[in-house]
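Shown below: model37.csv, with CSV, C-alpha atoms.
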chain,number,residue,atom,x,y,z
H,67,ALA,CA,0.0,0.0,0.0
H,68,MET,CA,2.9,2.4,0.7
H,69,VAL,CA,5.4,1.1,-1.9
H,70,VAL,CA,3.2,1.4,-5.0
H,71,PRO,CA,2.2,5.1,-4.5
H,72,ALA,CA,5.8,6.0,-3.6
H,73,ALA,CA,7.1,4.2,-6.7
H,74,LEU,CA,4.6,6.1,-8.9
H,75,VAL,CA,5.6,9.4,-7.4
H,76,GLY,CA,9.3,8.6,-7.8
H,77,VAL,CA,8.7,7.7,-11.5
H,78,ARG,CA,6.9,10.9,-12.1
H,79,VAL,CA,9.6,13.0,-10.5
H,80,GLY,CA,12.3,11.0,-12.3
H,81,MET,CA,10.7,11.6,-15.7
H,82,GLY,CA,10.6,15.4,-15.2
H,83,THR,CA,13.3,17.9,-16.0
H,84,THR,CA,15.4,19.6,-13.4
H,85,PRO,CA,13.7,23.0,-12.7
H,86,ASP,CA,15.6,26.2,-12.7
H,87,ALA,CA,15.5,28.8,-9.9
H,88,THR,CA,12.2,30.2,-11.0
H,89,GLY,CA,10.6,26.8,-11.2
H,90,ARG,CA,12.0,25.8,-7.8
H,91,ALA,CA,10.4,28.9,-6.3
H,92,ALA,CA,7.1,28.1,-7.9
H,93,ILE,CA,7.2,24.5,-6.6
H,94,ASP,CA,8.1,25.8,-3.2
H,95,GLN,CA,5.2,28.3,-3.2
H,96,LYS,CA,2.6,25.7,-4.4
H,97,SER,CA,3.9,23.0,-2.0
H,98,ARG,CA,3.3,25.2,1.1
H,99,ALA,CA,-0.5,24.9,0.6
H,100,VAL,CA,-0.2,21.2,0.3
H,101,ILE,CA,2.1,20.8,3.4
H,102,PHE,CA,0.0,23.0,5.7
H,103,VAL,CA,-3.6,22.3,4.5
H,104,GLY,CA,-3.0,18.7,3.4
H,105,PRO,CA,-2.9,17.0,6.8
H,106,ALA,CA,-6.0,19.0,8.0
H,107,LEU,CA,-7.9,18.0,4.8
H,108,LEU,CA,-6.8,14.4,5.3
H,109,PHE,CA,-8.1,14.3,8.9
H,110,ILE,CA,-11.4,16.0,7.9
H,111,PHE,CA,-11.8,13.4,5.0
H,112,ALA,CA,-11.0,10.5,7.3
H,113,MET,CA,-12.9,11.6,10.4
H,114,LEU,CA,-15.9,13.4,8.9
H,115,VAL,CA,-16.5,12.8,5.2
H,116,VAL,CA,-15.9,9.0,5.1
H,117,PRO,CA,-18.1,8.3,8.3
H,118,ALA,CA,-20.8,10.6,6.9
H,119,LEU,CA,-20.9,8.8,3.5
H,120,ARG,CA,-20.8,5.4,5.3
H,121,THR,CA,-23.7,6.4,7.6
H,122,ILE,CA,-25.8,7.4,4.5
H,123,LEU,CA,-24.9,4.1,2.9
H,124,LEU,CA,-25.9,2.1,6.0
H,125,SER,CA,-29.2,4.1,6.3
H,126,ILE,CA,-30.5,2.7,3.0
H,127,LYS,CA,-29.7,-0.9,4.1
H,128,ASP,CA,-31.6,-3.3,6.3
H,129,ARG,CA,-31.0,-4.0,10.0
H,130,ASP,CA,-28.1,-6.4,9.2
H,131,SER,CA,-26.6,-3.9,6.7
H,132,GLU,CA,-26.7,-6.5,4.0
H,133,SER,CA,-29.6,-5.8,1.6
H,134,TYR,CA,-30.6,-2.5,0.3
H,135,VAL,CA,-34.0,-1.2,1.4
H,136,TRP,CA,-33.5,2.3,0.0
H,137,PHE,CA,-35.8,4.8,1.7
H,138,ASP,CA,-37.8,2.4,3.8
H,139,ASN,CA,-35.9,3.4,7.0
H,140,TYR,CA,-36.7,7.1,6.3
H,141,ARG,CA,-40.4,6.3,5.6
H,142,ALA,CA,-40.5,4.3,8.9
H,143,ILE,CA,-39.3,7.3,10.9
H,144,PHE,CA,-42.1,9.6,9.6
H,145,GLN,CA,-44.7,6.8,9.9
H,146,ASP,CA,-43.8,6.3,13.6
H,147,PRO,CA,-46.2,8.4,15.8
H,148,LYS,CA,-43.4,8.7,18.4
H,149,SER,CA,-41.2,10.5,15.8
H,150,TRP,CA,-43.7,12.4,13.7
H,151,ASP,CA,-47.4,12.7,14.8
H,152,THR,CA,-49.6,14.9,12.7
H,153,SER,CA,-52.9,13.3,13.8
H,154,GLN,CA,-53.9,16.4,15.8
H,155,TRP,CA,-52.6,19.1,13.5
H,156,THR,CA,-56.0,20.6,12.9
H,157,ASP,CA,-56.2,21.6,16.6
H,158,MET,CA,-53.7,24.4,15.7
H,159,PHE,CA,-56.6,26.4,14.2
H,160,THR,CA,-58.4,26.4,17.6
H,161,SER,CA,-55.4,27.4,19.6
H,162,ARG,CA,-55.1,30.8,21.2
H,163,LEU,CA,-51.5,30.9,20.2
H,164,PHE,CA,-52.6,30.7,16.5
H,165,TYR,CA,-55.1,33.5,16.8
H,166,THR,CA,-52.8,35.7,18.8
H,167,GLY,CA,-50.1,35.1,16.2
H,168,ILE,CA,-52.5,36.0,13.3
H,169,VAL,CA,-53.5,39.2,15.1
H,170,LEU,CA,-49.8,40.2,15.6
H,171,LEU,CA,-49.0,39.5,11.9
H,172,ALA,CA,-52.0,41.6,10.9
H,173,LEU,CA,-50.7,44.4,13.1
H,174,ALA,CA,-47.2,44.0,11.5
H,175,LEU,CA,-48.8,44.3,8.1
H,176,PHE,CA,-50.7,47.4,9.1
H,177,LEU,CA,-47.6,49.0,10.6
H,178,GLY,CA,-45.5,47.9,7.6
H,179,LEU,CA,-47.9,49.5,5.1
H,180,ARG,CA,-47.7,52.8,7.1
H,181,ALA,CA,-43.9,52.6,7.2
H,182,ARG,CA,-43.8,51.9,3.5
H,183,ARG,CA,-45.4,55.3,2.7
H,184,ARG,CA,-42.6,57.1,4.6
H,185,THR,CA,-39.5,55.0,4.0
H,186,GLY,CA,-40.4,52.8,1.0
H,187,ARG,CA,-39.8,49.6,3.1
H,188,MET,CA,-42.4,47.6,5.0
H,189,VAL,CA,-39.9,45.9,7.3
H,190,GLU,CA,-36.4,47.0,8.4
H,191,LEU,CA,-34.2,46.8,11.5
H,192,GLY,CA,-35.8,48.9,14.3
H,193,SER,CA,-39.1,49.5,12.4
H,194,PRO,CA,-42.4,49.3,14.4
H,195,SER,CA,-43.5,46.3,12.2
H,196,MET,CA,-40.5,44.1,13.1
H,197,GLY,CA,-41.5,43.3,16.7
H,198,PRO,CA,-45.1,42.1,15.9
H,199,LEU,CA,-43.8,40.2,12.9
H,200,LEU,CA,-41.2,38.3,15.0
H,201,PHE,CA,-43.5,37.6,17.9
H,202,GLY,CA,-46.4,36.7,15.6
H,203,GLY,CA,-44.2,34.2,13.7
H,204,LEU,CA,-42.9,32.8,17.0
H,205,LEU,CA,-46.5,32.2,18.3
H,206,LEU,CA,-47.5,30.6,15.1
H,207,SER,CA,-44.6,28.2,15.3
H,208,PHE,CA,-45.6,27.4,18.9
H,209,ALA,CA,-49.1,26.6,17.7
H,210,VAL,CA,-47.6,24.1,15.2
H,211,PHE,CA,-45.1,22.6,17.7
H,212,THR,CA,-47.9,22.0,20.3
H,213,THR,CA,-50.2,20.2,17.8
H,214,VAL,CA,-47.7,18.4,15.6
H,215,ARG,CA,-45.8,16.2,18.1
H,216,GLY,CA,-43.0,13.7,18.1
H,217,THR,CA,-39.2,13.4,18.5
H,218,ILE,CA,-38.3,15.3,15.3
H,219,VAL,CA,-40.8,18.2,16.1
H,220,ASN,CA,-39.4,18.4,19.6
H,221,ASN,CA,-35.9,18.9,18.3
H,222,LEU,CA,-37.1,21.6,15.9
H,223,TRP,CA,-38.8,23.3,18.8
H,224,TRP,CA,-35.6,23.2,20.8
H,225,VAL,CA,-33.7,24.7,17.9
H,226,VAL,CA,-36.1,27.6,17.5
H,227,VAL,CA,-36.6,28.5,21.1
H,228,VAL,CA,-33.2,28.0,22.6
H,229,THR,CA,-31.4,29.7,19.7
H,230,LEU,CA,-33.7,32.6,19.5
H,231,PHE,CA,-34.0,33.4,23.2
H,232,SER,CA,-30.3,32.7,24.1
H,233,THR,CA,-29.1,35.0,21.3
H,234,SER,CA,-31.7,37.7,22.0
H,235,ILE,CA,-31.3,37.8,25.8
H,236,GLY,CA,-27.5,37.6,25.5
H,237,LEU,CA,-27.5,40.5,23.0
H,238,ALA,CA,-29.8,42.5,25.2
H,239,ILE,CA,-27.6,42.0,28.2
H,240,ALA,CA,-24.4,42.8,26.2
H,241,VAL,CA,-26.0,46.1,25.0
H,242,LEU,CA,-27.5,47.2,28.3
H,243,ALA,CA,-24.4,46.3,30.4
H,244,ASP,CA,-22.0,48.0,27.9
H,245,GLY,CA,-20.3,50.8,29.8
H,246,ALA,CA,-22.4,50.4,32.9
H,247,LYS,CA,-20.9,50.9,36.4
H,248,PHE,CA,-21.1,47.2,37.5
H,249,GLU,CA,-20.6,45.8,34.0
H,250,LYS,CA,-18.0,43.2,35.0
H,251,VAL,CA,-20.0,42.0,38.0
H,252,ALA,CA,-23.2,41.7,36.0
H,253,LYS,CA,-21.6,39.8,33.1
H,254,SER,CA,-19.8,37.5,35.6
H,255,LEU,CA,-23.1,36.6,37.2
H,256,VAL,CA,-24.8,35.9,33.8
H,257,PHE,CA,-21.8,33.9,32.6
H,258,MET,CA,-21.5,31.8,35.8
H,259,PRO,CA,-24.0,29.1,34.7
H,260,MET,CA,-21.6,28.2,31.8
H,261,ALA,CA,-19.3,26.7,34.5
H,262,ILE,CA,-22.1,24.2,35.5
H,263,SER,CA,-22.4,20.9,33.7
H,264,LEU,CA,-25.6,20.2,31.9
H,265,VAL,CA,-26.3,17.3,34.3
H,266,GLY,CA,-25.7,19.6,37.3
H,267,ALA,CA,-27.9,22.3,35.9
H,268,SER,CA,-30.6,19.8,35.2
H,269,VAL,CA,-30.5,18.6,38.8
H,270,ILE,CA,-30.7,22.2,40.1
H,271,TRP,CA,-33.7,23.0,37.9
H,272,ARG,CA,-35.4,19.7,38.8
H,273,PHE,CA,-35.5,21.0,42.4
H,274,MET,CA,-36.8,24.3,41.1
H,275,TYR,CA,-39.7,22.6,39.3
H,276,VAL,CA,-40.6,19.9,41.8
H,277,ALA,CA,-44.3,19.8,42.7
H,278,ARG,CA,-45.6,18.2,46.0
H,279,ASP,CA,-49.1,17.2,47.0
H,280,SER,CA,-51.4,20.2,47.6
H,281,SER,CA,-51.7,19.2,51.3
H,282,LYS,CA,-47.9,19.7,51.8
H,283,GLU,CA,-45.7,22.8,51.7
H,284,GLN,CA,-44.1,23.3,48.3
H,285,THR,CA,-40.3,23.0,48.4
H,286,GLY,CA,-39.8,23.8,44.7
H,287,VAL,CA,-39.1,27.5,44.1
H,288,MET,CA,-41.4,27.8,41.2
H,289,ASN,CA,-44.4,26.2,42.9
H,290,ALA,CA,-43.7,27.9,46.2
H,291,LEU,CA,-44.0,31.3,44.4
H,292,TRP,CA,-47.0,30.1,42.4
H,293,VAL,CA,-49.0,28.8,45.4
H,294,GLY,CA,-47.9,31.8,47.5
H,295,LEU,CA,-49.3,34.1,44.8
H,296,GLY,CA,-52.5,32.2,44.9
H,297,LYS,CA,-52.7,32.8,48.7
H,298,LEU,CA,-52.2,36.5,48.2
H,299,SER,CA,-54.8,36.6,45.4
H,300,THR,CA,-57.5,34.8,47.3
H,301,GLY,CA,-56.7,36.2,50.7
H,302,SER,CA,-58.1,39.3,52.3
H,303,GLY,CA,-55.3,40.3,54.7
H,304,ALA,CA,-53.0,43.3,54.7
H,305,ALA,CA,-50.3,41.5,52.7
H,306,SER,CA,-52.8,40.9,49.8
H,307,ILE,CA,-53.9,44.5,49.7
H,308,VAL,CA,-50.3,45.9,49.9
H,309,PHE,CA,-49.1,43.6,47.1
H,310,GLY,CA,-52.1,44.5,44.9
H,311,VAL,CA,-51.6,48.2,45.5
H,312,VAL,CA,-47.9,47.9,44.5
H,313,ILE,CA,-48.7,46.1,41.3
H,314,THR,CA,-51.4,48.6,40.5
H,315,ALA,CA,-49.0,51.5,41.0
H,316,ILE,CA,-46.5,49.8,38.6
H,317,PHE,CA,-49.3,49.5,36.1
H,318,VAL,CA,-50.1,53.2,36.4
H,319,VAL,CA,-46.4,54.1,35.8
H,320,VAL,CA,-46.2,51.8,32.7
H,321,MET,CA,-49.4,53.3,31.3
H,322,ALA,CA,-47.9,56.8,31.8
H,323,LEU,CA,-44.8,55.7,29.8
H,324,VAL,CA,-47.1,54.4,27.0
H,325,ALA,CA,-49.1,57.7,27.0
H,326,SER,CA,-45.9,59.8,26.9
H,327,ALA,CA,-44.5,57.8,24.0
H,328,LEU,CA,-47.7,58.0,22.0
H,329,THR,CA,-48.1,61.8,22.7
H,330,LYS,CA,-44.6,62.4,21.3
H,331,ARG,CA,-45.4,60.0,18.4
H,332,GLU,CA,-42.4,57.9,19.3
H,333,TYR,CA,-44.3,54.7,18.5
H,334,PRO,CA,-41.3,52.2,18.8
H,335,ARG,CA,-40.8,53.3,22.4
H,336,ALA,CA,-44.4,52.5,23.2
H,337,VAL,CA,-44.2,48.8,22.1
H,338,ILE,CA,-42.4,47.2,25.1
H,339,PRO,CA,-44.3,49.3,27.8
H,340,GLY,CA,-47.5,48.6,25.9
H,341,VAL,CA,-47.0,44.8,26.0
H,342,LEU,CA,-46.1,45.1,29.7
H,343,ALA,CA,-49.2,47.2,30.4
H,344,VAL,CA,-51.4,44.5,28.7
H,345,LEU,CA,-49.9,41.7,30.8
H,346,LEU,CA,-50.1,43.8,34.0
H,347,GLY,CA,-53.7,44.7,33.2
H,348,TRP,CA,-54.7,41.1,32.8
H,349,PHE,CA,-52.9,40.2,36.0
H,350,LEU,CA,-54.7,42.9,38.0
H,351,LEU,CA,-58.1,41.9,36.6
H,352,ARG,CA,-57.5,38.4,37.8
H,353,TYR,CA,-55.8,39.5,41.1
H,354,TRP,CA,-58.7,41.7,42.2
H,355,GLN,CA,-61.1,39.0,40.9
H,356,ILE,CA,-62.8,41.5,38.5
H,357,TYR,CA,-62.5,38.7,35.9
H,358,GLY,CA,-61.9,35.1,36.9
H,359,GLY,CA,-61.3,33.6,40.3
H,360,GLY,CA,-57.9,35.1,41.2
H,361,VAL,CA,-54.4,34.2,39.9
H,362,GLY,CA,-51.9,31.7,41.2
H,363,GLY,CA,-52.0,28.2,42.5
H,364,GLN,CA,-55.2,27.9,44.5
H,365,ARG,CA,-58.3,25.8,44.0
H,366,THR,CA,-61.3,24.8,46.0
H,367,ASN,CA,-61.5,21.1,46.9
H,368,ALA,CA,-64.6,18.9,47.2
H,369,GLY,CA,-65.0,19.9,50.8
H,370,GLY,CA,-65.2,23.6,49.9
H,371,ARG,CA,-61.8,24.3,51.3
H,372,THR,CA,-59.1,26.4,49.4
H,373,VAL,CA,-55.9,24.5,49.0
H,374,GLY,CA,-52.7,24.9,47.0
H,375,ASP,CA,-52.7,23.9,43.3
H,376,PRO,CA,-49.1,23.3,42.2
H,377,ILE,CA,-48.1,22.9,38.6
H,378,ASN,CA,-46.4,19.8,37.3
H,379,PHE,CA,-43.9,21.8,35.2
H,380,ILE,CA,-42.0,18.8,33.7
H,381,GLN,CA,-44.9,16.4,33.5
H,382,ASP,CA,-47.9,18.3,32.0
H,383,GLY,CA,-47.5,18.7,28.2
H,384,PRO,CA,-47.0,20.1,25.7
H,385,PHE,CA,-45.3,23.2,27.3
H,386,ASN,CA,-43.2,21.0,29.6
H,387,ASN,CA,-40.8,21.1,26.7
H,388,MET,CA,-40.5,24.8,27.2
H,389,TRP,CA,-39.5,24.4,30.9
H,390,LEU,CA,-36.8,22.0,29.8
H,391,MET,CA,-35.5,24.5,27.3
H,392,VAL,CA,-35.2,27.2,30.0
H,393,VAL,CA,-32.3,25.2,31.5
H,394,LEU,CA,-30.3,25.4,28.3
H,395,ILE,CA,-31.3,29.0,27.7
H,396,TRP,CA,-30.1,29.8,31.3
H,397,ILE,CA,-26.7,28.3,30.5
H,398,GLN,CA,-26.1,29.5,27.0
H,399,THR,CA,-27.2,33.1,27.5
H,400,GLY,CA,-23.8,33.8,29.1
H,401,PHE,CA,-22.0,32.3,26.1
H,402,ALA,CA,-24.0,34.5,23.7
H,403,MET,CA,-23.5,37.6,25.9
H,404,VAL,CA,-19.7,37.2,26.1
H,405,ILE,CA,-19.2,36.8,22.3
H,406,LEU,CA,-21.6,39.6,21.3
H,407,SER,CA,-20.2,41.9,24.0
H,408,ALA,CA,-16.7,41.5,22.5
H,409,ALA,CA,-18.1,42.2,19.0
H,410,ILE,CA,-20.0,45.4,20.3
H,411,LYS,CA,-16.8,46.8,21.8
H,412,ALA,CA,-15.0,46.2,18.5
H,413,VAL,CA,-17.5,48.5,16.6
H,414,PRO,CA,-15.6,51.7,15.6
H,415,THR,CA,-16.5,54.5,17.9
H,416,GLU,CA,-16.2,56.9,14.9
H,417,TYR,CA,-19.3,55.5,13.4
H,418,ILE,CA,-21.3,55.9,16.5
H,419,GLU,CA,-20.1,59.5,17.2
H,420,ALA,CA,-20.8,60.5,13.6
H,421,ALA,CA,-24.4,59.1,13.8
H,422,LYS,CA,-25.0,61.0,17.1
H,423,VAL,CA,-23.7,64.2,15.5
H,424,ASP,CA,-26.2,63.7,12.8
H,425,GLY,CA,-29.0,63.5,15.4
H,426,ALA,CA,-29.5,59.7,15.7
H,427,THR,CA,-31.0,58.4,18.9
H,428,ASP,CA,-29.6,55.5,20.9
H,429,GLY,CA,-32.2,53.2,19.4
H,430,GLN,CA,-31.3,54.2,15.8
H,431,VAL,CA,-27.6,53.8,16.6
H,432,PHE,CA,-28.2,50.3,17.8
H,433,TRP,CA,-30.4,49.2,14.9
H,434,ARG,CA,-28.6,51.0,12.1
H,435,ILE,CA,-25.0,50.8,13.1
H,436,THR,CA,-24.2,48.4,16.0
H,437,LEU,CA,-26.4,45.5,14.9
H,438,PRO,CA,-25.3,45.4,11.2
H,439,SER,CA,-21.7,45.7,12.3
H,440,ILE,CA,-21.9,42.6,14.5
H,441,SER,CA,-24.2,40.6,12.1
H,442,THR,CA,-21.4,38.1,11.3
H,443,THR,CA,-20.7,37.5,15.0
H,444,ILE,CA,-24.5,36.9,15.5
H,445,GLY,CA,-24.3,34.3,12.7
H,446,VAL,CA,-21.5,32.5,14.4
H,447,VAL,CA,-23.3,32.5,17.8
H,448,VAL,CA,-26.5,31.2,16.1
H,449,THR,CA,-24.7,28.5,14.2
H,450,THR,CA,-22.9,27.3,17.4
H,451,LEU,CA,-26.2,27.2,19.3
H,452,ILE,CA,-28.0,25.3,16.6
H,453,VAL,CA,-25.2,22.6,16.6
H,454,LEU,CA,-25.3,22.4,20.4
H,455,VAL,CA,-29.1,22.2,20.6
H,456,MET,CA,-29.3,19.4,17.9
H,457,LYS,CA,-27.2,17.3,20.3
H,458,VAL,CA,-29.2,18.0,23.5
H,459,TYR,CA,-29.4,14.9,25.6
H,460,ASP,CA,-28.4,15.5,29.2
H,461,ILE,CA,-31.2,17.8,30.2
H,462,VAL,CA,-33.9,15.6,28.8
H,463,GLN,CA,-32.3,12.4,30.3
H,464,VAL,CA,-32.1,13.9,33.8
H,465,LEU,CA,-35.4,15.7,34.0
H,466,THR,CA,-37.8,13.4,32.2
H,467,ASN,CA,-35.9,10.6,30.5
H,468,GLY,CA,-37.8,11.4,27.4
H,469,ASN,CA,-41.2,10.7,29.0
H,470,PHE,CA,-44.3,13.0,28.9
H,471,GLY,CA,-43.8,13.9,25.2
H,472,THR,CA,-40.3,15.4,25.7
H,473,GLU,CA,-38.2,12.8,23.7
H,474,VAL,CA,-35.4,14.3,21.5
H,475,LEU,CA,-33.2,12.7,18.9
H,476,ALA,CA,-30.1,12.1,21.0
H,477,ASN,CA,-32.1,10.5,23.8
H,478,ASN,CA,-34.0,8.4,21.3
H,479,MET,CA,-30.7,7.2,19.7
H,480,TYR,CA,-29.5,6.2,23.2
H,481,ARG,CA,-32.7,4.2,23.8
H,482,GLU,CA,-32.5,2.5,20.4
H,483,ALA,CA,-28.8,1.6,20.9
So, in terms of structure tokens, how does the structure I just supplied come out?
Amino acid sequence: AMVVPAALVGVRVGMGTTPDATGRAAIDQKSRAVIFVGPALLFIFAMLVVPALRTILLSIKDRDSESYVWFDNYRAIFQDPKSWDTSQWTDMFTSRLFYTGIVLLALALFLGLRARRRTGRMVELGSPSMGPLLFGGLLLSFAVFTTVRGTIVNNLWWVVVVTLFSTSIGLAIAVLADGAKFEKVAKSLVFMPMAISLVGASVIWRFMYVARDSSKEQTGVMNALWVGLGKLSTGSGAASIVFGVVITAIFVVVMALVASALTKREYPRAVIPGVLAVLLGWFLLRYWQIYGGGVGGQRTNAGGRTVGDPINFIQDGPFNNMWLMVVLIWIQTGFAMVILSAAIKAVPTEYIEAAKVDGATDGQVFWRITLPSISTTIGVVVTTLIVLVMKVYDIVQVLTNGNFGTEVLANNMYREA
């Protein structure tokens, strides 16, 4: 195996003429690429290309890898309800997520048509139509993921949610903390979960999500807060009144911010306070029992007694998948923040100063200068997160072991193996 190629190379070299100085320089220049890149390409070919081609070949053979069955294995995957279940896809059209998404997309269309008259574009970075468009599309995708179930759909859901939220929250923290007084401390706290293994983080969050019987005190942080909120909402003591008054005061302040932005016709500034005002308004309607029977984890049992009503976060589907994703978002937000923060600090200050001299606001500077300047870095972060999420295994294995409709590809491969 070694002698024959070496002999052929020797024959080829021996048949050639002796190069002059120029020829030797050309050979030297061309050989550098082969010497430096060749070993890397050889390893990539041997470790990645060949296994990938062999995997594709094995995937079109039978269980014993002897006879060709062509695409039967692929058809079996999509015919298996555990991998791809579309039997309830029509429920999507009765989902509140679907209707809310449609309303947001209609709002985005309306705002886009208005913007087109002024700028000639319906959607652009920082435009009022961009927010409703993104959230509307996200809610529609949620409506699909909650009705079309299975291992493959779960993995797609993980990719969309973890990648979007980790990148968005990491970018927001990087921007807001840039130049702040306690920037290093804040970023260190956000980055700290990266030092925890996925198994360790899963164990931590399992204790956060644990739900005990309603007759017992809740030890899980999430359910303790939920049941405690229910006690405040259905109670009549001073603590319930004080808490309600504080939330009402916050609601009034948020409404004042919305009114101020609308009065000044600064519509983009009114979006986030407006959404917060809607959520707080709904909360107060339920809290003061103007609409519904309160808010929080309380229910009336058969004996007419009010007891705690905890949530089984990791058992009750289909949104138990979301609570599993929170663990990875908590970990990877620090990674996205560090990378994007470094990219933001590398943006030339001359661009920002020139924009501010021309009268650009902080929001315009971010959307029109900072964000386009770090777009390649965002692409790297997104790609890295997608690769990581496609391999997610530890979190699902520790929290649910793939039960309760949370199975993902890596855990399914482990079961099959």
- prompt: So how far away is CA of Gly82 in chain H from CA of Val69 in chain H, in Å?
  reply: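 Computing the Euclidean distance for CA of Val69 in chain H and CA of Gly82 in chain H yields 20.2 Å.
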Who sits within 12 Å of Ala322 in chain H, all atoms listed in the file, same chain under 6 positions skipped, as a list in words: Ala315, Ile316, Leu328, Thr329, Ala336, Pro339, Gly340 and Ala343 of chain H
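Closest to Ala174 in chain H among H:Ser193, H:Ser439, H:Thr300, H:Gln381 is H:Ser193, based on only C-alpha atoms.
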task: Tell me which protein, DNA and RNA residues are within 7 Å of range 391-401 of chain H, counting all atoms listed in the file, leaving out same-chain ones fewer than 4 positions away, and put them as a ChimeraX atom specification.
output: /H:224,228,231-233,235-236,256-257,259-260,267-268,271,387,405
task: Using only C-alpha atoms, pick whichever of H:Lys148, H:Arg129, H:Lys96, H:Arg434 has the shortest atom-to-atom distance to Thr217 in chain H.
output: H:Lys148
query: Hey, which of H:Met403, H:Val320, H:Ala118, H:Val455 ends up closest to Val344 in chain H? Count all atoms listed in the file.
result: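 Distance minimum relative to Val344 in chain H lands on H:Val320.
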message: Would you pick out the contacts of Phe164 in chain H at 10 Å or less, using all atoms listed in the file, so that residues sharing its chain but fewer than 2 positions from it are not included, and give the list as JSON, numbers by chain?
response: {"H": [157, 158, 159, 160, 161, 162, 166, 167, 168, 169, 170, 202, 203, 204, 205, 206, 207, 208, 209, 210]}
message: Tell me which residues come within 12 Å of (-38.1, 19.5, 16.3), as a PyMOL selection string, counting all atoms listed in the file in the file's coordinates.
response: chain H and resi 149-151+207-208+210-212+214-228+387+452+455-458+471-476
statement: Here CA of Ala327 in chain H and CA of Val341 in chain H stand apart by 13.4 Å
- prompt: Could you pull the residues within 9 Å of Asp460 in chain H, counting only C-alpha atoms, minus those fewer than 6 positions along the same chain, as a list in words?
  reply: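 Counting only C-alpha atoms, the residues come to Leu264, Val265, Ser268 and Asn477 of chain H.
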task: Kindly indicate which residue among H:Leu346, H:Phe379, H:Pro71, H:Lys411 lies nearest to Met274 in chain H, using only C-alpha atoms for the distances.
output: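 Comparing H:Leu346, H:Phe379, H:Pro71, H:Lys411 against Met274 in chain H, the winner is H:Phe379.
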- prompt: Could you name the residues that touch range 349-365 of chain H at 12 Å or less, counting all atoms listed in the file, but leaving out those on the same chain fewer than 5 positions away, as JSON, numbers by chain?
  reply: {"H": [277, 280, 281, 284, 288, 289, 290, 291, 292, 293, 294, 295, 296, 297, 298, 299, 300, 301, 302, 306, 307, 309, 310, 311, 312, 313, 314, 315, 316, 317, 318, 342, 343, 344, 370, 371, 372, 373, 374, 375, 376, 377, 378]}
